[in-house]
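Asker: So I've got this file, protein_0.pdb, and it contains PDB, C-alpha atoms, pLDDT in the B column:
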```pdb
MODEL        1
ATOM      1  CA  MET A   1    -135.154-103.647 137.910  1.00 56.00           C
ATOM      2  CA  LEU A   2    -137.874-101.492 139.451  1.00 52.00           C
ATOM      3  CA  ARG A   3    -136.026 -98.356 138.316  1.00 60.00           C
ATOM      4  CA  LEU A   4    -135.924 -99.650 134.692  1.00 44.00           C
ATOM      5  CA  PHE A   5    -139.639-100.474 134.819  1.00 43.00           C
ATOM      6  CA  MET A   6    -140.491 -97.014 136.171  1.00 46.00           C
ATOM      7  CA  THR A   7    -138.340 -95.331 133.487  1.00 47.00           C
ATOM      8  CA  ILE A   8    -140.091 -97.261 130.718  1.00 52.00           C
ATOM      9  CA  CYS A   9    -143.518 -96.364 132.164  1.00 46.00           C
ATOM     10  CA  ALA A  10    -142.558 -92.694 132.430  1.00 49.00           C
ATOM     11  CA  LEU A  11    -141.260 -92.577 128.841  1.00 47.00           C
ATOM     12  CA  SER A  12    -144.403 -94.342 127.581  1.00 49.00           C
ATOM     13  CA  ALA A  13    -146.624 -91.852 129.356  1.00 48.00           C
ATOM     14  CA  LEU A  14    -144.597 -88.942 127.994  1.00 45.00           C
ATOM     15  CA  ALA A  15    -144.792 -90.287 124.432  1.00 47.00           C
ATOM     16  CA  ALA A  16    -148.570 -90.682 124.721  1.00 49.00           C
ATOM     17  CA  CYS A  17    -148.937 -86.980 125.577  1.00 50.00           C
ATOM     18  CA  GLY A  18    -147.504 -85.850 122.243  1.00 47.00           C
ATOM     19  CA  GLY A  19    -150.852 -85.442 120.482  1.00 43.00           C
ATOM     20  CA  SER A  20    -151.444 -85.866 116.773  1.00 41.00           C
ATOM     21  CA  ARG A  21    -148.942 -83.345 115.495  1.00 40.00           C
ATOM     22  CA  GLY A  22    -146.622 -84.533 112.781  1.00 39.00           C
ATOM     23  CA  TYR A  23    -143.758 -83.189 110.770  1.00 37.00           C
ATOM     24  CA  ASN A  24    -144.675 -80.292 108.508  1.00 41.00           C
ATOM     25  CA  PRO A  25    -142.089 -79.759 105.752  1.00 42.00           C
ATOM     26  CA  SER A  26    -142.957 -76.082 105.501  1.00 45.00           C
ATOM     27  CA  GLY A  27    -141.880 -75.276 109.021  1.00 46.00           C
ATOM     28  CA  GLY A  28    -140.958 -77.846 111.628  1.00 46.00           C
ATOM     29  CA  TYR A  29    -143.587 -79.590 113.657  1.00 49.00           C
ATOM     30  CA  GLY A  30    -147.218 -78.616 113.406  1.00 49.00           C
ATOM     31  CA  GLY A  31    -150.713 -79.930 112.863  1.00 52.00           C
ATOM     32  CA  ALA A  32    -151.342 -78.641 109.350  1.00 60.00           C
ATOM     33  CA  ALA A  33    -151.081 -81.097 106.489  1.00 69.00           C
ATOM     34  CA  VAL A  34    -149.197 -79.997 103.412  1.00 75.00           C
ATOM     35  CA  LEU A  35    -151.055 -80.671 100.172  1.00 90.00           C
ATOM     36  CA  PHE A  36    -148.866 -81.487  97.195  1.00 94.00           C
ATOM     37  CA  ALA A  37    -149.230 -83.607  94.077  1.00 94.00           C
ATOM     38  CA  THR A  38    -147.900 -83.701  90.547  1.00 95.00           C
ATOM     39  CA  GLY A  39    -150.020 -84.040  87.450  1.00 96.00           C
ATOM     40  CA  PRO A  40    -151.439 -82.133  84.489  1.00 96.00           C
ATOM     41  CA  ILE A  41    -152.826 -79.187  86.471  1.00 96.00           C
ATOM     42  CA  ASN A  42    -149.514 -78.767  88.318  1.00 96.00           C
ATOM     43  CA  SER A  43    -147.588 -78.746  85.031  1.00 96.00           C
ATOM     44  CA  ALA A  44    -150.005 -76.304  83.371  1.00 96.00           C
ATOM     45  CA  CYS A  45    -149.908 -74.026  86.411  1.00 95.00           C
ATOM     46  CA  LEU A  46    -146.113 -73.870  86.393  1.00 95.00           C
ATOM     47  CA  ALA A  47    -145.951 -73.437  82.605  1.00 95.00           C
ATOM     48  CA  ALA A  48    -148.481 -70.575  82.601  1.00 92.00           C
ATOM     49  CA  GLY A  49    -145.846 -68.239  84.041  1.00 89.00           C
ATOM     50  CA  ARG A  50    -148.136 -66.355  86.375  1.00 91.00           C
ATOM     51  CA  LYS A  51    -146.527 -64.284  89.129  1.00 92.00           C
ATOM     52  CA  GLN A  52    -148.192 -66.166  92.007  1.00 91.00           C
ATOM     53  CA  ALA A  53    -147.369 -69.612  90.584  1.00 93.00           C
ATOM     54  CA  SER A  54    -144.907 -71.501  92.747  1.00 94.00           C
ATOM     55  CA  ARG A  55    -144.008 -75.152  93.033  1.00 95.00           C
ATOM     56  CA  ALA A  56    -145.826 -75.363  96.373  1.00 95.00           C
ATOM     57  CA  ARG A  57    -148.987 -73.557  95.205  1.00 95.00           C
ATOM     58  CA  CYS A  58    -149.232 -75.437  91.897  1.00 95.00           C
ATOM     59  CA  GLY A  59    -148.660 -78.733  93.720  1.00 96.00           C
ATOM     60  CA  CYS A  60    -151.391 -77.836  96.171  1.00 96.00           C
ATOM     61  CA  ILE A  61    -153.937 -77.030  93.484  1.00 95.00           C
ATOM     62  CA  GLN A  62    -153.068 -80.338  91.779  1.00 95.00           C
ATOM     63  CA  ALA A  63    -153.745 -82.173  95.046  1.00 96.00           C
ATOM     64  CA  VAL A  64    -157.134 -80.453  95.282  1.00 96.00           C
ATOM     65  CA  ALA A  65    -157.822 -81.270  91.614  1.00 96.00           C
ATOM     66  CA  ASP A  66    -157.094 -84.934  92.335  1.00 96.00           C
ATOM     67  CA  ARG A  67    -159.784 -84.825  95.032  1.00 95.00           C
ATOM     68  CA  GLU A  68    -162.354 -82.675  93.232  1.00 96.00           C
ATOM     69  CA  LEU A  69    -162.045 -83.223  89.463  1.00 97.00           C
ATOM     70  CA  SER A  70    -162.235 -86.245  87.180  1.00 96.00           C
ATOM     71  CA  ALA A  71    -159.358 -87.013  84.818  1.00 96.00           C
ATOM     72  CA  SER A  72    -161.277 -85.569  81.856  1.00 96.00           C
ATOM     73  CA  GLU A  73    -162.093 -82.399  83.828  1.00 96.00           C
ATOM     74  CA  GLN A  74    -158.394 -82.052  84.671  1.00 97.00           C
ATOM     75  CA  ARG A  75    -157.449 -82.430  80.997  1.00 96.00           C
ATOM     76  CA  ARG A  76    -159.970 -79.762  80.080  1.00 96.00           C
ATOM     77  CA  GLY A  77    -158.676 -77.623  82.947  1.00 95.00           C
ATOM     78  CA  VAL A  78    -155.201 -77.664  81.415  1.00 96.00           C
ATOM     79  CA  ARG A  79    -156.711 -75.832  78.446  1.00 95.00           C
ATOM     80  CA  VAL A  80    -158.082 -73.221  80.861  1.00 93.00           C
ATOM     81  CA  PHE A  81    -154.532 -72.406  81.983  1.00 91.00           C
ATOM     82  CA  LYS A  82    -153.457 -72.011  78.357  1.00 92.00           C
ATOM     83  CA  ASP A  83    -156.574 -70.074  77.316  1.00 94.00           C
ATOM     84  CA  PRO A  84    -158.481 -68.561  80.278  1.00 92.00           C
ATOM     85  CA  HIS A  85    -161.153 -67.235  77.909  1.00 95.00           C
ATOM     86  CA  SER A  86    -162.260 -70.824  77.233  1.00 93.00           C
ATOM     87  CA  LEU A  87    -163.636 -70.937  80.790  1.00 92.00           C
ATOM     88  CA  GLN A  88    -165.759 -67.861  80.098  1.00 94.00           C
ATOM     89  CA  GLU A  89    -167.052 -69.527  76.941  1.00 95.00           C
ATOM     90  CA  ALA A  90    -167.977 -72.652  78.933  1.00 94.00           C
ATOM     91  CA  ARG A  91    -169.760 -70.521  81.524  1.00 94.00           C
ATOM     92  CA  GLN A  92    -171.881 -68.815  78.870  1.00 96.00           C
ATOM     93  CA  SER A  93    -172.530 -71.944  76.815  1.00 95.00           C
ATOM     94  CA  ASP A  94    -175.927 -73.620  76.513  1.00 96.00           C
ATOM     95  CA  ARG A  95    -174.414 -77.117  76.321  1.00 97.00           C
ATOM     96  CA  SER A  96    -174.966 -79.280  79.386  1.00 97.00           C
ATOM     97  CA  SER A  97    -171.382 -80.600  79.271  1.00 95.00           C
ATOM     98  CA  ASP A  98    -170.052 -77.044  79.406  1.00 96.00           C
ATOM     99  CA  ASN A  99    -172.398 -76.194  82.281  1.00 95.00           C
ATOM    100  CA  ALA A 100    -171.273 -79.290  84.201  1.00 96.00           C
ATOM    101  CA  PHE A 101    -167.615 -78.397  83.641  1.00 96.00           C
ATOM    102  CA  TRP A 102    -168.223 -74.807  84.754  1.00 96.00           C
ATOM    103  CA  ALA A 103    -169.930 -75.953  87.958  1.00 96.00           C
ATOM    104  CA  ALA A 104    -167.177 -78.476  88.749  1.00 97.00           C
ATOM    105  CA  TRP A 105    -164.387 -75.990  87.956  1.00 96.00           C
ATOM    106  CA  LYS A 106    -166.006 -73.246  90.051  1.00 96.00           C
ATOM    107  CA  ALA A 107    -166.375 -75.556  93.069  1.00 97.00           C
ATOM    108  CA  TYR A 108    -162.803 -76.775  92.574  1.00 97.00           C
ATOM    109  CA  GLY A 109    -161.528 -73.195  92.383  1.00 95.00           C
ATOM    110  CA  ASN A 110    -163.240 -72.240  95.630  1.00 96.00           C
ATOM    111  CA  THR A 111    -161.793 -75.274  97.417  1.00 96.00           C
ATOM    112  CA  ALA A 112    -158.317 -74.694  95.984  1.00 95.00           C
ATOM    113  CA  GLN A 113    -158.438 -71.051  97.028  1.00 95.00           C
ATOM    114  CA  THR A 114    -159.348 -72.022 100.576  1.00 94.00           C
ATOM    115  CA  LEU A 115    -156.800 -74.829 100.954  1.00 93.00           C
ATOM    116  CA  CYS A 116    -153.908 -73.389  98.956  1.00 93.00           C
ATOM    117  CA  SER A 117    -153.936 -69.674  99.829  1.00 88.00           C
ATOM    118  CA  ALA A 118    -151.037 -70.110 102.260  1.00 84.00           C
ATOM    119  CA  ALA A 119    -148.912 -72.164  99.831  1.00 75.00           C
TER
ENDMDL
END
```
Using the file provided, produce a representation of the structure as structure tokens.

Answerer:
Amino acid sequence: MLRLFMTICALSALAACGGSRGYNPSGGYGGAAVLFATGPINSACLAAGRKQASRARCGCIQAVADRELSASEQRRGVRVFKDPHSLQEARQSDRSSDNAFWAAWKAYGNTAQTLCSAA
């Protein structure tokens, strides 16, 4: 009985030493979280046919969009994938709604670049 108790204690102590690492689908066990989501930005990214577009990268930028952009900003962002020049027009516009979209999209782009560059 003492041997069973000691074995359980030893296994409990060993399990507690594992840290906070979890399963990482991109490569075994590791601490990095994998960002992925589906939605309008993901679909537009994949449909745009750009060389760097992959399922993982487009899913990552959708996950960042879900955190950083409102639903209406995401819908407008889909148009940016179809017509990149529309973003330049928003940047140069005098309308406050265009300026707000430009600021949100620029901040989103910087965050997506940082978080999704390895995807």

Asker: How many Å lie between atom CA of Ser86 of chain A and atom CA of Ser72 of chain A, rounded to one decimal?

Answerer: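 Atom-to-atom, atom CA of Ser86 of chain A and atom CA of Ser72 of chain A are spaced 15.5 Å apart.
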
Asker: Using only C-alpha atoms, can you tell me which of A:Val78, A:Glu73, A:Leu115, A:Ala48 comes closest to Ala103 of chain A?

Answerer: A:Glu73

Asker: List, as a list in words, every residue that the PyMOL selection byres ((chain A and resi 88) around 12) selects in the file provided.

Answerer: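 Output from the PyMOL selection byres ((chain A and resi 88) around 12), applied to this file: Val80, Asp83, Pro84, His85, Ser86, Leu87, Glu89, Ala90, Arg91, Gln92, Ser93, Asp98, Asn99, Phe101, Trp102, Trp105 and Lys106 of chain A.
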
Asker: Write the residues you've just listed into a file as a PDB file, keeping the file's coordinate frame, and include C-alpha atoms for each of them.

Answerer:
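Okay, out11.pdb is ready:
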```pdb
ATOM      1  CA  VAL A  80    -158.082 -73.221  80.861  1.00 93.00           C
ATOM      2  CA  ASP A  83    -156.574 -70.074  77.316  1.00 94.00           C
ATOM      3  CA  PRO A  84    -158.481 -68.561  80.278  1.00 92.00           C
ATOM      4  CA  HIS A  85    -161.153 -67.235  77.909  1.00 95.00           C
ATOM      5  CA  SER A  86    -162.260 -70.824  77.233  1.00 93.00           C
ATOM      6  CA  LEU A  87    -163.636 -70.937  80.790  1.00 92.00           C
ATOM      7  CA  GLU A  89    -167.052 -69.527  76.941  1.00 95.00           C
ATOM      8  CA  ALA A  90    -167.977 -72.652  78.933  1.00 94.00           C
ATOM      9  CA  ARG A  91    -169.760 -70.521  81.524  1.00 94.00           C
ATOM     10  CA  GLN A  92    -171.881 -68.815  78.870  1.00 96.00           C
ATOM     11  CA  SER A  93    -172.530 -71.944  76.815  1.00 95.00           C
ATOM     12  CA  ASP A  98    -170.052 -77.044  79.406  1.00 96.00           C
ATOM     13  CA  ASN A  99    -172.398 -76.194  82.281  1.00 95.00           C
ATOM     14  CA  PHE A 101    -167.615 -78.397  83.641  1.00 96.00           C
ATOM     15  CA  TRP A 102    -168.223 -74.807  84.754  1.00 96.00           C
ATOM     16  CA  TRP A 105    -164.387 -75.990  87.956  1.00 96.00           C
ATOM     17  CA  LYS A 106    -166.006 -73.246  90.051  1.00 96.00           C
TER      18      LYS A 106
END
```

Asker: Evaluate the PyMOL selection byres ((chain A and resi 61) around 10) here and jot the selected residues down as an mmCIF file with C-alpha atoms, in the coordinates of the input.

Answerer:
```cif
data_model
loop_
_atom_site.group_PDB
_atom_site.id
_atom_site.type_symbol
_atom_site.label_atom_id
_atom_site.label_comp_id
_atom_site.auth_asym_id
_atom_site.auth_seq_id
_atom_site.Cartn_x
_atom_site.Cartn_y
_atom_site.Cartn_z
ATOM 1 C CA LEU A 35 -151.055 -80.671 100.172
ATOM 2 C CA PHE A 36 -148.866 -81.487 97.195
ATOM 3 C CA ALA A 37 -149.230 -83.607 94.077
ATOM 4 C CA THR A 38 -147.900 -83.701 90.547
ATOM 5 C CA ILE A 41 -152.826 -79.187 86.471
ATOM 6 C CA ASN A 42 -149.514 -78.767 88.318
ATOM 7 C CA CYS A 45 -149.908 -74.026 86.411
ATOM 8 C CA ALA A 56 -145.826 -75.363 96.373
ATOM 9 C CA ARG A 57 -148.987 -73.557 95.205
ATOM 10 C CA CYS A 58 -149.232 -75.437 91.897
ATOM 11 C CA GLY A 59 -148.660 -78.733 93.720
ATOM 12 C CA CYS A 60 -151.391 -77.836 96.171
ATOM 13 C CA GLN A 62 -153.068 -80.338 91.779
ATOM 14 C CA ALA A 63 -153.745 -82.173 95.046
ATOM 15 C CA VAL A 64 -157.134 -80.453 95.282
ATOM 16 C CA ALA A 65 -157.822 -81.270 91.614
ATOM 17 C CA ASP A 66 -157.094 -84.934 92.335
ATOM 18 C CA ARG A 67 -159.784 -84.825 95.032
ATOM 19 C CA TYR A 108 -162.803 -76.775 92.574
ATOM 20 C CA GLY A 109 -161.528 -73.195 92.383
ATOM 21 C CA THR A 111 -161.793 -75.274 97.417
ATOM 22 C CA ALA A 112 -158.317 -74.694 95.984
ATOM 23 C CA GLN A 113 -158.438 -71.051 97.028
ATOM 24 C CA LEU A 115 -156.800 -74.829 100.954
ATOM 25 C CA CYS A 116 -153.908 -73.389 98.956
ATOM 26 C CA SER A 117 -153.936 -69.674 99.829
ATOM 27 C CA ALA A 119 -148.912 -72.164 99.831
#
```

Asker: Box along x, y and z, 4 Å on every side, all listed atoms of segment 80-98 of chain A inside: centre and edge lengths in Å to one decimal, as lines of an AutoDock Vina configuration file.

Answerer:
```
center_x = -164.7
center_y = -73.9
center_z = 79.2
size_x = 30.5
size_y = 21.4
size_z = 13.7
```

Asker: Just the number, please: distance in Å from atom CA of Ala44 of chain A to atom CA of Ala107 of chain A, one decimal.

Answerer: 19.0 Å

Asker: Expressed in Å to a single decimal, how great is the separation between atom CA of Arg55 of chain A and atom CA of Ala118 of chain A?

Answerer: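 Between atom CA of Arg55 of chain A and atom CA of Ala118 of chain A the gap is 12.6 Å.
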